Amino acid sequence: MADVGPPIALIAVGAILWLAITATIGGISIQTIGLILTIIGVVWLVIELVINGRRRTAGYPAAPTRERVVERPAVREREREVL
(Lines give C-alpha, C1' and ligand atoms only; values in the text may rest on other atoms or scores of the structure.)
Protein backbone atom coordinates (compact mmCIF):
# COMPACT_ATOMS: atom_id res chain seq x y z
CA MET A 1 0.00 0.00 0.00
CA ALA A 2 1.42 3.18 -1.12
CA ASP A 3 0.87 6.51 0.50
CA VAL A 4 -0.71 5.39 3.78
CA GLY A 5 2.28 6.43 5.89
CA PRO A 6 1.58 10.17 6.09
CA PRO A 7 -2.06 9.77 7.20
CA ILE A 8 -1.04 7.26 9.86
CA ALA A 9 1.67 9.63 11.11
CA LEU A 10 -0.87 12.47 11.23
CA ILE A 11 -3.28 10.28 13.19
CA ALA A 12 -0.50 9.38 15.65
CA VAL A 13 0.58 12.99 16.19
CA GLY A 14 -3.03 14.10 16.53
CA ALA A 15 -3.82 11.34 19.04
CA ILE A 16 -0.80 12.26 21.15
CA LEU A 17 -1.78 15.92 21.19
CA TRP A 18 -5.42 15.06 21.86
CA LEU A 19 -4.97 12.45 24.60
CA ALA A 20 -1.62 13.10 26.25
CA ILE A 21 -1.13 16.86 26.41
CA THR A 22 -3.26 19.17 28.55
CA ALA A 23 -1.87 22.57 27.68
CA THR A 24 -3.22 25.78 26.21
CA ILE A 25 -1.20 28.17 24.11
CA GLY A 26 -2.57 31.68 23.67
CA GLY A 27 -6.14 30.59 24.27
CA ILE A 28 -5.90 27.69 21.79
CA SER A 29 -6.38 24.23 23.24
CA ILE A 30 -3.72 21.73 22.14
CA GLN A 31 -6.29 18.95 22.65
CA THR A 32 -8.59 20.56 20.07
CA ILE A 33 -5.74 20.78 17.58
CA GLY A 34 -4.96 17.10 18.24
CA LEU A 35 -8.57 16.11 17.66
CA ILE A 36 -8.68 18.04 14.39
CA LEU A 37 -5.42 16.43 13.19
CA THR A 38 -6.72 12.98 14.11
CA ILE A 39 -9.95 13.51 12.18
CA ILE A 40 -8.08 14.85 9.15
CA GLY A 41 -5.71 11.85 9.28
CA VAL A 42 -8.58 9.36 9.40
CA VAL A 43 -10.36 11.03 6.48
CA TRP A 44 -7.11 11.14 4.49
CA LEU A 45 -6.46 7.44 5.22
CA VAL A 46 -9.96 6.44 4.09
CA ILE A 47 -9.56 8.44 0.86
CA GLU A 48 -6.19 6.82 0.15
CA LEU A 49 -7.55 3.32 0.75
CA VAL A 50 -10.55 3.92 -1.51
CA ILE A 51 -8.43 5.37 -4.31
CA ASN A 52 -5.80 2.62 -4.08
CA GLY A 53 -8.50 -0.05 -3.96
CA ARG A 54 -9.99 1.24 -7.20
CA ARG A 55 -6.59 1.37 -8.88
CA ARG A 56 -5.93 -2.28 -8.11
CA THR A 57 -9.20 -3.60 -9.44
CA ALA A 58 -9.67 -1.43 -12.53
CA GLY A 59 -7.71 -1.58 -15.75
CA TYR A 60 -5.81 -4.81 -15.32
CA PRO A 61 -6.33 -7.61 -17.82
CA ALA A 62 -7.30 -11.06 -16.63
CA ALA A 63 -4.54 -13.51 -15.88
CA PRO A 64 -3.57 -15.74 -18.81
CA THR A 65 -5.11 -19.20 -18.79
CA ARG A 66 -1.93 -20.92 -19.86
CA GLU A 67 1.67 -19.90 -20.24
CA ARG A 68 3.41 -19.83 -23.56
CA VAL A 69 6.66 -21.75 -23.45
CA VAL A 70 9.27 -21.05 -26.11
CA GLU A 71 12.06 -23.56 -26.29
CA ARG A 72 15.22 -22.68 -28.11
CA PRO A 73 17.66 -25.36 -29.11
CA ALA A 74 20.76 -23.43 -28.05
CA VAL A 75 23.05 -26.44 -28.31
CA ARG A 76 22.05 -27.18 -31.88
CA GLU A 77 22.69 -23.59 -32.95
CA ARG A 78 26.19 -23.77 -31.51
CA GLU A 79 26.83 -27.05 -33.29
CA ARG A 80 25.80 -25.48 -36.60
CA GLU A 81 28.19 -22.61 -36.08
CA VAL A 82 31.08 -24.94 -35.46
CA LEU A 83 30.35 -27.07 -38.53
# chains A, B, ... in the order shown; residues from 1 in each chain; ligands from 1
call {"tool": "residues_around", "arguments": {"residues": "Leu19 (chain A)", "least_positions_apart": "3", "cutoff": "7 Å", "atoms": "only C-alpha atoms", "output": "list in words"}}
result
Ala15, Ile16 and Gln31 of chain A
call {"tool": "write_last_selection", "arguments": {"atoms": "N, CA and C atoms", "output": "PDB file, in the first residue's frame"}}
result
ATOM      1  N   ALA A  15      -3.393  12.077  17.844  1.00  0.00           N
ATOM      2  CA  ALA A  15      -3.819  11.335  19.035  1.00  0.00           C
ATOM      3  C   ALA A  15      -2.965  11.684  20.248  1.00  0.00           C
ATOM      4  N   ILE A  16      -1.674  11.876  20.032  1.00  0.00           N
ATOM      5  CA  ILE A  16      -0.797  12.265  21.146  1.00  0.00           C
ATOM      6  C   ILE A  16      -1.190  13.640  21.668  1.00  0.00           C
ATOM      7  N   GLN A  31      -5.442  20.130  22.825  1.00  0.00           N
ATOM      8  CA  GLN A  31      -6.291  18.955  22.648  1.00  0.00           C
ATOM      9  C   GLN A  31      -7.221  19.121  21.442  1.00  0.00           C
TER      10      GLN A  31
END
call {"tool": "closest_residue", "arguments": {"among": "A:Ile11, A:Ile21, A:Val4, A:Ile36", "to": "Asn52 (chain A)", "atoms": "only C-alpha atoms"}}
result
A:Val4
call {"tool": "residues_around", "arguments": {"residues": "Ile30 (chain A)", "least_positions_apart": "2", "cutoff": "10 Å", "atoms": "only C-alpha atoms", "output": "list in words"}}
result
Gly14, Ile16, Leu17, Trp18, Leu19, Ala20, Ile21, Thr22, Ala23, Thr24, Ile25, Gly27, Ile28, Thr32, Ile33, Gly34, Leu35 and Ile36 of chain A
